[in-house]
Amino acid sequence: MAQKAVIGVTGLGVMGRNLARNFARHGYTVAVHNRTYGKTKALIEEFGHEGAFVPEESPEAFVAALERPRKMVIMVKAGQSTDAVIDEFAPLLEPGDILIDGGNAHYADTERREKALRERGIHFVGSGISGGEQGALEGPSIMPGGSRESYASLGPILEDISAKVDGAPCCTYVGPGGAGHFVKMVHNGIEYSDMQLIAEAYDLLRKGAGMTPAEIAEVFRTWNQGRLGSYLIEITAEVLAHTDAATGKPFVDIVLDRAEQKGTGRWTVQAALDLGVPVTGIAQAVFARSLSGHADTREAARVLTGPSADGGLDSSFADKVEQALYASKVVAYAQGFNQIQAGSAEYGWDIDLGAMATIWRGGCIIRAGFLDRIRGAYETDRGLPTLLTDANFAAELGDAQDAWREVVVEATRRGIPVPGFSSALSYYDALRAERLPAALIQGQRDFFGAHTYLRTDREGVHHTHWELPGRPETRTDA
Ligand code: NBP
């Protein structure tokens, strides 16, 4: 009888086939299956020599090829396809088996699926997998949720195929239910804000300091050697240095300036709104992409007047932009980690924030040395209310703020949009403020809707009778 497979992968698209190869390259016998057999065949023909694959054409044969308790990864287009695959495979599984969804599912779907399958004794593990096509093959960052019990047998395999930083795997148990997909969603939201901030830095250097894309590429290469060192900064330099072969122009000048999105950034903001967490950096990034895509509005707005963005700053301005970028990035990450904290509290997931920073250090799109410092901050204080109050980050933001303010002022003066930089700075200033104008808003709410207010000097809930002479106040909870 043929050797049973340790794990299986169904859905051999871009991600699934590379994930299957990654398992095989690590010495695991891996069963492979795809809705249409052609992809399974192609995988074996091209990469069969890389390891021990068990190609199966039918779901029944695929499930039968797995050793028990069975572990099978679903790697299909998220949404209805995932439900269709679950409906097809779940009846073939037995209690104790582990069904892993590695797609970009919405965490609420994962919660629903996990609950339904738990009732049938099947462990459903919604797992975030980041790193794209290359990461899936060479070592992604993996964020598995589901039951802790399932992680006991599944975890070591996933840790084995994940990226490693300083010998530590970029994979850990995130928490029950949809915790893994929630964390992956916020990861993607942070990725949106990181990319937007980098784009704003580029725009400032291009329009404000009149630098060429090639010159800016050099600036990014230098930044990549310092505290901003990260995959996104590294690839930004590559993109900016690239020349279009057909025209000889900088590549960035021949690309249509409309950023697209698949939806995980939008989900992050929607979830943040429900949880009441201000993720202004992620929201600005999502809205900036939307704005860029509104061709008609942008065309119509050509009648709007304002300063000319061009020039006036020299290349020494780049140092200030670096400080503004770093400070804004710290704010964006702080907000994202607060969202994970809030989601964890809301759903009772008990997510270890420091561990999330640890598994994002490698394999994923936001991988960066910087995450080590976030890990350190949460190691020092697990209950940190915001990363901004960590002594090291607070000191850095204090040092950066003069330049950060100057960059926002110069951008505003020149009419260069910097929604990410300026909203991050406003968030920083709002947290610093002893008093916020929210007191006035409470007054307005009480005036038109008798919504009541709390006083700074007395207990209780109060309402002012704005319609009566002398506007007397009553305590409404007494
Ligand atoms: P692809 O588009 O390359 O492949 C899609 C796979 O889904 C194919 O194997 C296809 O089978 C299968 N499938 C579909 Br579509 N509908 C199905 C159904 N009703 N029943 C069975 N199989 C079905 O996707 P991908 O880029 O590999 O992405 C897979 C998942 O990984 C997605 O959730 C995605 O969001 C996530 N993800 C992607 C990346 C990335 O960089 N691409 C990164 C991280 C996460 P077929 O061959 O028969 O059509």
# chains A, B, ... in the order shown; residues from 1 in each chain; ligands from 1
$ residues_around --residues "A:Pro419" --least-positions-apart "2" --cutoff "9 Å" --atoms "only C-alpha atoms" --output "list in words"
Gln196, Leu197, Glu200, Gly281, Gln284, Ala285, Ala288, Pro417, Phe421, Ser422, Ser423 and Ala424 of chain A
$ residues_near_ligand --ligand "ligand 1" --cutoff "7 Å" --atoms "only C-alpha atoms and all ligand atoms" --output "PyMOL selection string"
chain A and resi 11-16+34-36+39+75-78+80-82+84-85+102-105+129-133
$ residues_around --residues "stretch 149-158 of chain A" --least-positions-apart "5" --cutoff "8 Å" --atoms "only C-alpha atoms" --output "PyMOL selection string"
chain A and resi 71+98+123+125+142+171-173
$ select_by_dssp --residues "stretch 69-119 of chain A" --states "helix (DSSP H, G or I)" --output "CSV table (one decimal) with N, CA and C atoms, in the first residue's frame"
chain,number,residue,atom,x,y,z
A,80,GLN,N,-17.6,32.0,-1.6
A,80,GLN,CA,-18.5,30.9,-1.9
A,80,GLN,C,-17.7,29.6,-2.2
A,81,SER,N,-16.6,29.8,-2.9
A,81,SER,CA,-15.8,28.6,-3.3
A,81,SER,C,-15.3,27.9,-2.0
A,82,THR,N,-15.0,28.6,-1.0
A,82,THR,CA,-14.5,27.9,0.2
A,82,THR,C,-15.7,27.1,0.8
A,83,ASP,N,-16.9,27.7,0.9
A,83,ASP,CA,-18.0,27.0,1.4
A,83,ASP,C,-18.3,25.7,0.5
A,84,ALA,N,-18.2,25.9,-0.8
A,84,ALA,CA,-18.4,24.8,-1.7
A,84,ALA,C,-17.4,23.6,-1.4
A,85,VAL,N,-16.2,24.0,-1.2
A,85,VAL,CA,-15.2,23.0,-1.0
A,85,VAL,C,-15.4,22.3,0.4
A,86,ILE,N,-15.8,23.1,1.4
A,86,ILE,CA,-16.1,22.5,2.7
A,86,ILE,C,-17.2,21.5,2.6
A,87,ASP,N,-18.3,22.0,1.9
A,87,ASP,CA,-19.5,21.1,1.7
A,87,ASP,C,-19.1,19.8,1.0
A,88,GLU,N,-18.1,19.9,0.2
A,88,GLU,CA,-17.7,18.7,-0.6
A,88,GLU,C,-16.9,17.7,0.3
A,89,PHE,N,-16.0,18.3,1.1
A,89,PHE,CA,-15.0,17.5,1.8
A,89,PHE,C,-15.4,17.1,3.2
A,90,ALA,N,-16.2,18.0,3.9
A,90,ALA,CA,-16.5,17.7,5.3
A,90,ALA,C,-17.2,16.3,5.5
A,91,PRO,N,-18.2,16.0,4.6
A,91,PRO,CA,-18.8,14.7,4.8
A,91,PRO,C,-17.8,13.5,4.7
A,92,LEU,N,-16.7,13.7,4.1
A,92,LEU,CA,-15.7,12.6,3.9
A,92,LEU,C,-14.8,12.5,5.1
A,107,TYR,N,-13.0,37.0,8.7
A,107,TYR,CA,-12.9,36.3,10.0
A,107,TYR,C,-14.3,35.9,10.5
A,108,ALA,N,-15.4,36.6,10.1
A,108,ALA,CA,-16.7,36.3,10.5
A,108,ALA,C,-17.2,35.0,9.8
A,109,ASP,N,-16.7,34.8,8.6
A,109,ASP,CA,-17.0,33.5,7.9
A,109,ASP,C,-16.3,32.4,8.6
A,110,THR,N,-15.1,32.7,9.0
A,110,THR,CA,-14.3,31.6,9.6
A,110,THR,C,-14.9,31.2,11.0
A,111,GLU,N,-15.4,32.2,11.7
A,111,GLU,CA,-16.1,32.0,13.0
A,111,GLU,C,-17.3,31.0,12.7
A,112,ARG,N,-18.1,31.4,11.7
A,112,ARG,CA,-19.3,30.6,11.3
A,112,ARG,C,-18.9,29.2,10.9
A,113,ARG,N,-17.9,29.0,10.1
A,113,ARG,CA,-17.5,27.7,9.6
A,113,ARG,C,-16.9,26.9,10.8
A,114,GLU,N,-16.1,27.5,11.6
A,114,GLU,CA,-15.5,26.8,12.7
A,114,GLU,C,-16.5,26.2,13.6
A,115,LYS,N,-17.5,27.0,13.9
A,115,LYS,CA,-18.6,26.6,14.8
A,115,LYS,C,-19.4,25.4,14.3
A,116,ALA,N,-19.7,25.6,13.0
A,116,ALA,CA,-20.5,24.5,12.3
A,116,ALA,C,-19.7,23.2,12.3
A,117,LEU,N,-18.4,23.3,12.0
A,117,LEU,CA,-17.6,22.0,11.9
A,117,LEU,C,-17.3,21.5,13.2
A,118,ARG,N,-17.2,22.4,14.2
A,118,ARG,CA,-16.9,21.9,15.6
A,118,ARG,C,-18.0,21.0,16.1
$ atom_distance --atom1 "atom CA of A:Tyr378" --atom2 "atom CA of A:Glu346"
19.8 Å
$ residues_around --residues "A:Arg68" --least-positions-apart "6" --cutoff "12 Å" --atoms "only C-alpha atoms" --output "list of chain:residue names"
A:Lys4, A:Ala5, A:Val6, A:Ile7, A:Gly8, A:Leu93, A:Glu94, A:Pro95, A:Gly96, A:Asp97, A:Ile98, A:Ser153, A:Leu154
$ write_last_selection --atoms "all heavy atoms" --output "short mmCIF file (atom, residue, chain, number, x, y, z; two decimals), in the first residue's frame"
data_model
loop_
_atom_site.label_atom_id
_atom_site.label_comp_id
_atom_site.auth_asym_id
_atom_site.auth_seq_id
_atom_site.Cartn_x
_atom_site.Cartn_y
_atom_site.Cartn_z
N LYS A 4 0.92 6.86 3.22
CA LYS A 4 -0.11 7.88 3.45
C LYS A 4 0.53 9.26 3.50
O LYS A 4 1.68 9.42 3.91
CB LYS A 4 -0.81 7.60 4.77
CG LYS A 4 -1.66 6.36 4.74
CD LYS A 4 -3.11 6.71 4.45
CE LYS A 4 -4.00 5.48 4.55
NZ LYS A 4 -5.33 5.74 4.05
N ALA A 5 -0.27 10.24 3.10
CA ALA A 5 0.25 11.62 3.12
C ALA A 5 0.06 12.25 4.49
O ALA A 5 -0.94 12.02 5.16
CB ALA A 5 -0.48 12.45 2.07
N VAL A 6 1.07 13.02 4.91
CA VAL A 6 1.02 13.69 6.22
C VAL A 6 0.02 14.83 6.17
O VAL A 6 -0.65 15.14 7.15
CB VAL A 6 2.44 14.23 6.58
CG1 VAL A 6 2.42 14.99 7.90
CG2 VAL A 6 3.44 13.10 6.60
N ILE A 7 -0.05 15.45 4.99
CA ILE A 7 -0.93 16.61 4.83
C ILE A 7 -1.41 16.65 3.38
O ILE A 7 -0.76 16.05 2.50
CB ILE A 7 -0.19 17.92 5.26
CG1 ILE A 7 -1.19 19.07 5.47
CG2 ILE A 7 0.93 18.31 4.26
CD1 ILE A 7 -0.66 20.16 6.41
N GLY A 8 -2.51 17.35 3.14
CA GLY A 8 -3.01 17.48 1.77
C GLY A 8 -3.33 18.92 1.45
O GLY A 8 -3.57 19.72 2.35
N LEU A 93 -14.79 13.55 5.97
CA LEU A 93 -13.86 13.57 7.11
C LEU A 93 -14.50 12.93 8.34
O LEU A 93 -15.70 12.70 8.39
CB LEU A 93 -13.46 15.02 7.42
CG LEU A 93 -12.74 15.76 6.28
CD1 LEU A 93 -12.47 17.22 6.66
CD2 LEU A 93 -11.44 15.05 5.91
N GLU A 94 -13.64 12.65 9.33
CA GLU A 94 -14.13 12.03 10.57
C GLU A 94 -13.76 12.90 11.75
O GLU A 94 -12.86 13.76 11.65
CB GLU A 94 -13.48 10.65 10.71
CG GLU A 94 -13.98 9.67 9.69
CD GLU A 94 -13.18 8.38 9.71
OE1 GLU A 94 -13.53 7.50 10.50
OE2 GLU A 94 -12.20 8.28 8.95
N PRO A 95 -14.44 12.71 12.89
CA PRO A 95 -14.12 13.52 14.07
C PRO A 95 -12.62 13.47 14.38
O PRO A 95 -11.99 12.41 14.28
CB PRO A 95 -14.95 12.86 15.18
CG PRO A 95 -16.13 12.29 14.46
CD PRO A 95 -15.59 11.82 13.12
N GLY A 96 -12.09 14.62 14.70
CA GLY A 96 -10.65 14.71 15.02
C GLY A 96 -9.83 15.19 13.85
O GLY A 96 -8.69 15.65 14.01
N ASP A 97 -10.39 15.10 12.62
CA ASP A 97 -9.66 15.56 11.44
C ASP A 97 -9.57 17.09 11.45
O ASP A 97 -10.39 17.78 12.07
CB ASP A 97 -10.35 15.09 10.16
CG ASP A 97 -10.17 13.58 9.92
OD1 ASP A 97 -9.35 12.97 10.64
OD2 ASP A 97 -10.85 13.03 9.04
N ILE A 98 -8.56 17.62 10.72
CA ILE A 98 -8.31 19.07 10.73
C ILE A 98 -8.41 19.63 9.31
O ILE A 98 -7.68 19.20 8.41
CB ILE A 98 -6.90 19.37 11.31
CG1 ILE A 98 -6.73 18.71 12.69
CG2 ILE A 98 -6.65 20.87 11.40
CD1 ILE A 98 -5.30 18.74 13.22
N SER A 153 -0.89 19.08 16.77
CA SER A 153 -0.34 18.22 15.70
C SER A 153 -0.06 19.00 14.41
O SER A 153 0.87 18.67 13.68
CB SER A 153 -1.29 17.06 15.40
OG SER A 153 -2.55 17.56 15.00
N LEU A 154 -0.83 20.06 14.17
CA LEU A 154 -0.66 20.82 12.93
C LEU A 154 0.48 21.84 13.05
O LEU A 154 1.25 22.05 12.09
CB LEU A 154 -1.97 21.56 12.62
CG LEU A 154 -1.98 22.48 11.42
CD1 LEU A 154 -1.82 21.68 10.13
CD2 LEU A 154 -3.29 23.29 11.36
#
$ closest_atom_pairs --of "stretch 132-227 of chain A" --to "stretch 242-257 of chain A" --cutoff "12 Å" --atoms "only C-alpha atoms" --output "CSV"
residue,atom,partner,partner_atom,distance
A:Ala199,CA,A:Val252,CA,11.2
A:Tyr202,CA,A:Val252,CA,10.7
A:Asp203,CA,A:Val252,CA,11.3
A:Arg206,CA,A:Val252,CA,11.3
A:Thr212,CA,A:Pro250,CA,8.8
A:Pro213,CA,A:Pro250,CA,6.8
A:Ala214,CA,A:Pro250,CA,7.9
A:Glu215,CA,A:Pro250,CA,11.2
A:Ile216,CA,A:Pro250,CA,11.5
A:Ala217,CA,A:His242,CA,9.1
A:Glu218,CA,A:His242,CA,12.0
$ write_last_selection --atoms "all heavy atoms" --output "short mmCIF file (atom, residue, chain, number, x, y, z; two decimals), in the first residue's frame"
data_model
loop_
_atom_site.label_atom_id
_atom_site.label_comp_id
_atom_site.auth_asym_id
_atom_site.auth_seq_id
_atom_site.Cartn_x
_atom_site.Cartn_y
_atom_site.Cartn_z
N ALA A 199 4.28 55.92 -0.44
CA ALA A 199 3.90 56.65 -1.66
C ALA A 199 3.91 58.16 -1.41
O ALA A 199 4.33 58.94 -2.28
CB ALA A 199 2.52 56.19 -2.12
N TYR A 202 7.47 59.41 -1.42
CA TYR A 202 7.93 59.52 -2.82
C TYR A 202 7.39 60.80 -3.46
O TYR A 202 8.12 61.55 -4.10
CB TYR A 202 7.47 58.28 -3.60
CG TYR A 202 7.28 58.53 -5.08
CD1 TYR A 202 8.38 58.68 -5.93
CD2 TYR A 202 6.00 58.66 -5.62
CE1 TYR A 202 8.20 58.95 -7.28
CE2 TYR A 202 5.82 58.92 -6.96
CZ TYR A 202 6.92 59.08 -7.79
OH TYR A 202 6.76 59.35 -9.12
N ASP A 203 6.10 61.05 -3.26
CA ASP A 203 5.45 62.20 -3.90
C ASP A 203 6.10 63.51 -3.42
O ASP A 203 6.33 64.44 -4.22
CB ASP A 203 3.97 62.19 -3.51
CG ASP A 203 3.07 62.80 -4.58
OD1 ASP A 203 3.47 62.77 -5.77
OD2 ASP A 203 1.98 63.29 -4.24
N ARG A 206 9.51 63.83 -5.01
CA ARG A 206 9.38 64.07 -6.45
C ARG A 206 8.94 65.51 -6.72
O ARG A 206 9.59 66.25 -7.46
CB ARG A 206 8.35 63.08 -7.02
CG ARG A 206 8.23 63.09 -8.54
CD ARG A 206 9.27 62.21 -9.15
NE ARG A 206 9.40 62.39 -10.59
CZ ARG A 206 8.80 61.66 -11.52
NH1 ARG A 206 8.02 60.66 -11.16
NH2 ARG A 206 9.01 61.89 -12.81
N THR A 212 14.40 63.00 -9.23
CA THR A 212 13.96 62.03 -10.24
C THR A 212 13.66 60.69 -9.55
O THR A 212 14.18 60.42 -8.46
CB THR A 212 15.06 61.78 -11.29
OG1 THR A 212 16.18 61.18 -10.61
CG2 THR A 212 15.50 63.07 -11.97
N PRO A 213 12.88 59.84 -10.20
CA PRO A 213 12.62 58.52 -9.62
C PRO A 213 13.92 57.77 -9.30
O PRO A 213 14.02 57.11 -8.26
CB PRO A 213 11.81 57.81 -10.71
CG PRO A 213 11.08 58.91 -11.39
CD PRO A 213 12.05 60.06 -11.42
N ALA A 214 14.92 57.89 -10.19
CA ALA A 214 16.18 57.19 -9.95
C ALA A 214 16.87 57.73 -8.69
O ALA A 214 17.42 56.97 -7.88
CB ALA A 214 17.10 57.33 -11.16
N GLU A 215 16.82 59.04 -8.53
CA GLU A 215 17.43 59.65 -7.32
C GLU A 215 16.66 59.21 -6.06
O GLU A 215 17.26 58.93 -5.02
CB GLU A 215 17.41 61.18 -7.43
CG GLU A 215 18.42 61.72 -8.43
CD GLU A 215 18.20 63.19 -8.77
OE1 GLU A 215 17.10 63.74 -8.51
OE2 GLU A 215 19.13 63.79 -9.31
N ILE A 216 15.34 59.16 -6.20
CA ILE A 216 14.54 58.76 -5.03
C ILE A 216 14.78 57.29 -4.70
O ILE A 216 14.80 56.89 -3.54
CB ILE A 216 13.03 59.06 -5.28
CG1 ILE A 216 12.85 60.56 -5.56
CG2 ILE A 216 12.19 58.66 -4.08
CD1 ILE A 216 11.46 60.95 -6.06
N ALA A 217 15.01 56.49 -5.74
CA ALA A 217 15.34 55.07 -5.51
C ALA A 217 16.58 54.96 -4.61
O ALA A 217 16.63 54.14 -3.69
CB ALA A 217 15.59 54.37 -6.84
N GLU A 218 17.56 55.82 -4.88
CA GLU A 218 18.79 55.81 -4.06
C GLU A 218 18.48 56.19 -2.61
O GLU A 218 19.02 55.63 -1.67
CB GLU A 218 19.83 56.78 -4.64
CG GLU A 218 20.58 56.21 -5.82
CD GLU A 218 21.12 54.80 -5.55
OE1 GLU A 218 21.77 54.58 -4.51
OE2 GLU A 218 20.85 53.90 -6.38
#
$ residues_around --residues "A:Arg21" --least-positions-apart "2" --cutoff "12 Å" --atoms "only C-alpha atoms" --output "ChimeraX atom specification"
/A:7-9,12,14-19,23-32,40,43-44,46-54,133-139,161
$ residues_around --residues "stretch 334-339 of chain A" --least-positions-apart "2" --cutoff "8 Å" --atoms "only C-alpha atoms" --output "mmCIF file with all heavy atoms, in the first residue's frame"
data_model
loop_
_atom_site.group_PDB
_atom_site.id
_atom_site.type_symbol
_atom_site.label_atom_id
_atom_site.label_comp_id
_atom_site.auth_asym_id
_atom_site.auth_seq_id
_atom_site.Cartn_x
_atom_site.Cartn_y
_atom_site.Cartn_z
ATOM 1 N N VAL A 186 -5.898 42.394 9.661
ATOM 2 C CA VAL A 186 -5.260 43.623 10.168
ATOM 3 C C VAL A 186 -3.846 43.754 9.581
ATOM 4 O O VAL A 186 -3.393 44.855 9.266
ATOM 5 C CB VAL A 186 -5.241 43.653 11.710
ATOM 6 C CG1 VAL A 186 -4.526 44.897 12.222
ATOM 7 C CG2 VAL A 186 -6.666 43.615 12.267
ATOM 8 N N HIS A 187 -3.162 42.628 9.438
ATOM 9 C CA HIS A 187 -1.852 42.649 8.767
ATOM 10 C C HIS A 187 -1.985 43.332 7.407
ATOM 11 O O HIS A 187 -1.195 44.201 7.052
ATOM 12 C CB HIS A 187 -1.332 41.219 8.608
ATOM 13 C CG HIS A 187 -0.225 41.073 7.601
ATOM 14 N ND1 HIS A 187 -0.456 41.096 6.233
ATOM 15 C CD2 HIS A 187 1.104 40.928 7.749
ATOM 16 C CE1 HIS A 187 0.678 40.979 5.589
ATOM 17 N NE2 HIS A 187 1.652 40.863 6.492
ATOM 18 N N GLY A 189 -4.320 45.377 6.428
ATOM 19 C CA GLY A 189 -4.653 46.786 6.643
ATOM 20 C C GLY A 189 -3.400 47.602 6.927
ATOM 21 O O GLY A 189 -3.202 48.692 6.365
ATOM 22 N N ILE A 190 -2.535 47.061 7.758
ATOM 23 C CA ILE A 190 -1.275 47.747 8.070
ATOM 24 C C ILE A 190 -0.432 47.877 6.796
ATOM 25 O O ILE A 190 0.194 48.913 6.540
ATOM 26 C CB ILE A 190 -0.502 47.001 9.188
ATOM 27 C CG1 ILE A 190 -1.253 47.127 10.519
ATOM 28 C CG2 ILE A 190 0.923 47.521 9.317
ATOM 29 C CD1 ILE A 190 -0.642 46.321 11.661
ATOM 30 N N ALA A 272 -12.900 47.816 12.240
ATOM 31 C CA ALA A 272 -12.442 48.828 13.201
ATOM 32 C C ALA A 272 -13.592 49.758 13.577
ATOM 33 O O ALA A 272 -13.740 50.148 14.742
ATOM 34 C CB ALA A 272 -11.287 49.627 12.611
ATOM 35 N N LEU A 275 -15.732 47.980 16.010
ATOM 36 C CA LEU A 275 -15.082 47.848 17.315
ATOM 37 C C LEU A 275 -14.818 49.213 17.969
ATOM 38 O O LEU A 275 -14.435 49.285 19.127
ATOM 39 C CB LEU A 275 -13.739 47.108 17.168
ATOM 40 C CG LEU A 275 -13.805 45.620 16.825
ATOM 41 C CD1 LEU A 275 -12.444 45.114 16.351
ATOM 42 C CD2 LEU A 275 -14.265 44.815 18.047
ATOM 43 N N VAL A 277 -12.417 51.350 17.033
ATOM 44 C CA VAL A 277 -10.970 51.591 17.140
ATOM 45 C C VAL A 277 -10.530 52.556 16.041
ATOM 46 O O VAL A 277 -10.751 52.285 14.854
ATOM 47 C CB VAL A 277 -10.166 50.275 16.972
ATOM 48 C CG1 VAL A 277 -8.689 50.506 17.254
ATOM 49 C CG2 VAL A 277 -10.691 49.213 17.887
ATOM 50 N N PRO A 278 -9.933 53.692 16.401
ATOM 51 C CA PRO A 278 -9.515 54.637 15.356
ATOM 52 C C PRO A 278 -8.264 54.177 14.613
ATOM 53 O O PRO A 278 -7.148 54.402 15.065
ATOM 54 C CB PRO A 278 -9.257 55.936 16.137
ATOM 55 C CG PRO A 278 -8.963 55.506 17.535
ATOM 56 C CD PRO A 278 -9.617 54.174 17.758
ATOM 57 N N VAL A 279 -8.471 53.535 13.473
ATOM 58 C CA VAL A 279 -7.336 53.130 12.628
ATOM 59 C C VAL A 279 -7.232 54.138 11.477
ATOM 60 O O VAL A 279 -7.411 53.799 10.314
ATOM 61 C CB VAL A 279 -7.454 51.683 12.097
ATOM 62 C CG1 VAL A 279 -7.271 50.668 13.201
ATOM 63 C CG2 VAL A 279 -8.773 51.452 11.396
ATOM 64 N N THR A 280 -6.927 55.371 11.830
ATOM 65 C CA THR A 280 -6.953 56.445 10.836
ATOM 66 C C THR A 280 -5.954 56.201 9.703
ATOM 67 O O THR A 280 -6.226 56.539 8.554
ATOM 68 C CB THR A 280 -6.672 57.803 11.494
ATOM 69 O OG1 THR A 280 -5.421 57.721 12.181
ATOM 70 C CG2 THR A 280 -7.762 58.175 12.488
ATOM 71 N N GLY A 281 -4.813 55.626 10.032
ATOM 72 C CA GLY A 281 -3.786 55.389 9.008
ATOM 73 C C GLY A 281 -4.283 54.414 7.955
ATOM 74 O O GLY A 281 -4.106 54.620 6.748
ATOM 75 N N ILE A 282 -4.928 53.325 8.399
ATOM 76 C CA ILE A 282 -5.427 52.318 7.467
ATOM 77 C C ILE A 282 -6.588 52.911 6.674
ATOM 78 O O ILE A 282 -6.680 52.748 5.456
ATOM 79 C CB ILE A 282 -5.834 51.028 8.207
ATOM 80 C CG1 ILE A 282 -4.625 50.449 8.952
ATOM 81 C CG2 ILE A 282 -6.413 50.010 7.233
ATOM 82 C CD1 ILE A 282 -4.943 49.323 9.912
ATOM 83 N N VAL A 330 5.025 54.339 12.755
ATOM 84 C CA VAL A 330 4.841 53.883 14.142
ATOM 85 C C VAL A 330 3.370 54.056 14.547
ATOM 86 O O VAL A 330 2.761 53.166 15.148
ATOM 87 C CB VAL A 330 5.766 54.662 15.117
ATOM 88 C CG1 VAL A 330 5.452 54.299 16.566
ATOM 89 C CG2 VAL A 330 7.237 54.389 14.818
ATOM 90 N N VAL A 331 2.786 55.196 14.164
ATOM 91 C CA VAL A 331 1.375 55.453 14.489
ATOM 92 C C VAL A 331 0.477 54.409 13.822
ATOM 93 O O VAL A 331 -0.406 53.831 14.453
ATOM 94 C CB VAL A 331 0.953 56.879 14.055
ATOM 95 C CG1 VAL A 331 -0.558 57.039 14.107
ATOM 96 C CG2 VAL A 331 1.630 57.923 14.935
ATOM 97 N N ALA A 332 0.715 54.150 12.533
ATOM 98 C CA ALA A 332 -0.133 53.197 11.797
ATOM 99 C C ALA A 332 -0.068 51.806 12.423
ATOM 100 O O ALA A 332 -1.092 51.134 12.580
ATOM 101 C CB ALA A 332 0.289 53.143 10.330
ATOM 102 N N GLN A 341 -5.911 44.088 19.586
ATOM 103 C CA GLN A 341 -6.194 44.066 21.029
ATOM 104 C C GLN A 341 -7.716 44.131 21.253
ATOM 105 O O GLN A 341 -8.275 43.368 22.047
ATOM 106 C CB GLN A 341 -5.538 45.312 21.629
ATOM 107 C CG GLN A 341 -5.230 45.264 23.088
ATOM 108 C CD GLN A 341 -4.357 46.472 23.452
ATOM 109 O OE1 GLN A 341 -4.470 47.546 22.870
ATOM 110 N NE2 GLN A 341 -3.475 46.288 24.427
ATOM 111 N N ALA A 342 -8.377 45.036 20.519
ATOM 112 C CA ALA A 342 -9.826 45.217 20.691
ATOM 113 C C ALA A 342 -10.595 43.996 20.190
ATOM 114 O O ALA A 342 -11.553 43.550 20.830
ATOM 115 C CB ALA A 342 -10.280 46.473 19.946
ATOM 116 N N GLY A 343 -10.180 43.440 19.048
ATOM 117 C CA GLY A 343 -10.842 42.248 18.516
ATOM 118 C C GLY A 343 -10.676 41.083 19.487
ATOM 119 O O GLY A 343 -11.617 40.326 19.758
ATOM 120 N N LEU A 353 0.028 39.989 21.547
ATOM 121 C CA LEU A 353 0.431 40.977 20.530
ATOM 122 C C LEU A 353 1.915 40.867 20.174
ATOM 123 O O LEU A 353 2.304 41.010 19.014
ATOM 124 C CB LEU A 353 0.104 42.393 21.022
ATOM 125 C CG LEU A 353 -1.384 42.681 21.283
ATOM 126 C CD1 LEU A 353 -1.575 44.098 21.789
ATOM 127 C CD2 LEU A 353 -2.213 42.464 20.032
ATOM 128 N N PRO A 385 -1.137 50.178 26.594
ATOM 129 C CA PRO A 385 -2.384 50.665 25.974
ATOM 130 C C PRO A 385 -2.200 51.070 24.518
ATOM 131 O O PRO A 385 -3.100 50.949 23.701
ATOM 132 C CB PRO A 385 -2.768 51.868 26.833
ATOM 133 C CG PRO A 385 -1.551 52.233 27.606
ATOM 134 C CD PRO A 385 -0.685 51.024 27.700
ATOM 135 N N THR A 386 -1.035 51.554 24.176
ATOM 136 C CA THR A 386 -0.696 51.859 22.784
ATOM 137 C C THR A 386 0.826 51.804 22.666
ATOM 138 O O THR A 386 1.543 52.169 23.599
ATOM 139 C CB THR A 386 -1.184 53.254 22.333
ATOM 140 O OG1 THR A 386 -0.451 53.643 21.161
ATOM 141 C CG2 THR A 386 -1.026 54.322 23.388
ATOM 142 N N LEU A 387 1.286 51.372 21.501
ATOM 143 C CA LEU A 387 2.740 51.306 21.277
ATOM 144 C C LEU A 387 3.399 52.664 21.448
ATOM 145 O O LEU A 387 4.590 52.757 21.748
ATOM 146 C CB LEU A 387 3.002 50.828 19.842
ATOM 147 C CG LEU A 387 2.999 49.332 19.593
ATOM 148 C CD1 LEU A 387 3.132 49.077 18.106
ATOM 149 C CD2 LEU A 387 4.128 48.661 20.361
ATOM 150 N N LEU A 388 2.613 53.735 21.244
ATOM 151 C CA LEU A 388 3.198 55.076 21.309
ATOM 152 C C LEU A 388 3.708 55.410 22.708
ATOM 153 O O LEU A 388 4.562 56.279 22.862
ATOM 154 C CB LEU A 388 2.171 56.145 20.880
ATOM 155 C CG LEU A 388 1.550 55.991 19.491
ATOM 156 C CD1 LEU A 388 0.756 57.227 19.120
ATOM 157 C CD2 LEU A 388 2.603 55.737 18.429
#
$ closest_atom_pairs --of "stretch 121-207 of chain A" --to "stretch 306-328 of chain A" --cutoff "8 Å" --atoms "only C-alpha atoms" --output "tab-separated table"
residue	atom	partner	partner_atom	distance
A:Leu197	CA	A:Leu325	CA	6.4
A:Ile198	CA	A:Leu325	CA	7.1
A:Ala201	CA	A:Val321	CA	6.2
A:Leu204	CA	A:Val321	CA	7.9
A:Leu205	CA	A:Ala318	CA	6.8
A:Lys207	CA	A:Asp310	CA	5.1
$ write_last_selection --atoms "C-alpha atoms" --output "PDB file, in the first residue's frame"
ATOM      1  CA  LEU A 197       2.960  56.401   3.615  1.00  0.00           C
ATOM      2  CA  ILE A 198       5.802  55.274   1.348  1.00  0.00           C
ATOM      3  CA  ALA A 201       7.201  60.139   0.865  1.00  0.00           C
ATOM      4  CA  LEU A 204       7.040  64.773  -1.580  1.00  0.00           C
ATOM      5  CA  LEU A 205      10.539  64.066  -2.845  1.00  0.00           C
ATOM      6  CA  LYS A 207       7.248  67.204  -6.396  1.00  0.00           C
TER       7      LYS A 207
END
$ select_by_dssp --residues "stretch 234-471 of chain A" --states "strand (DSSP E or B)" --output "VMD selection string"
chain A and resid 243 250 368 453 to 454 461 to 464
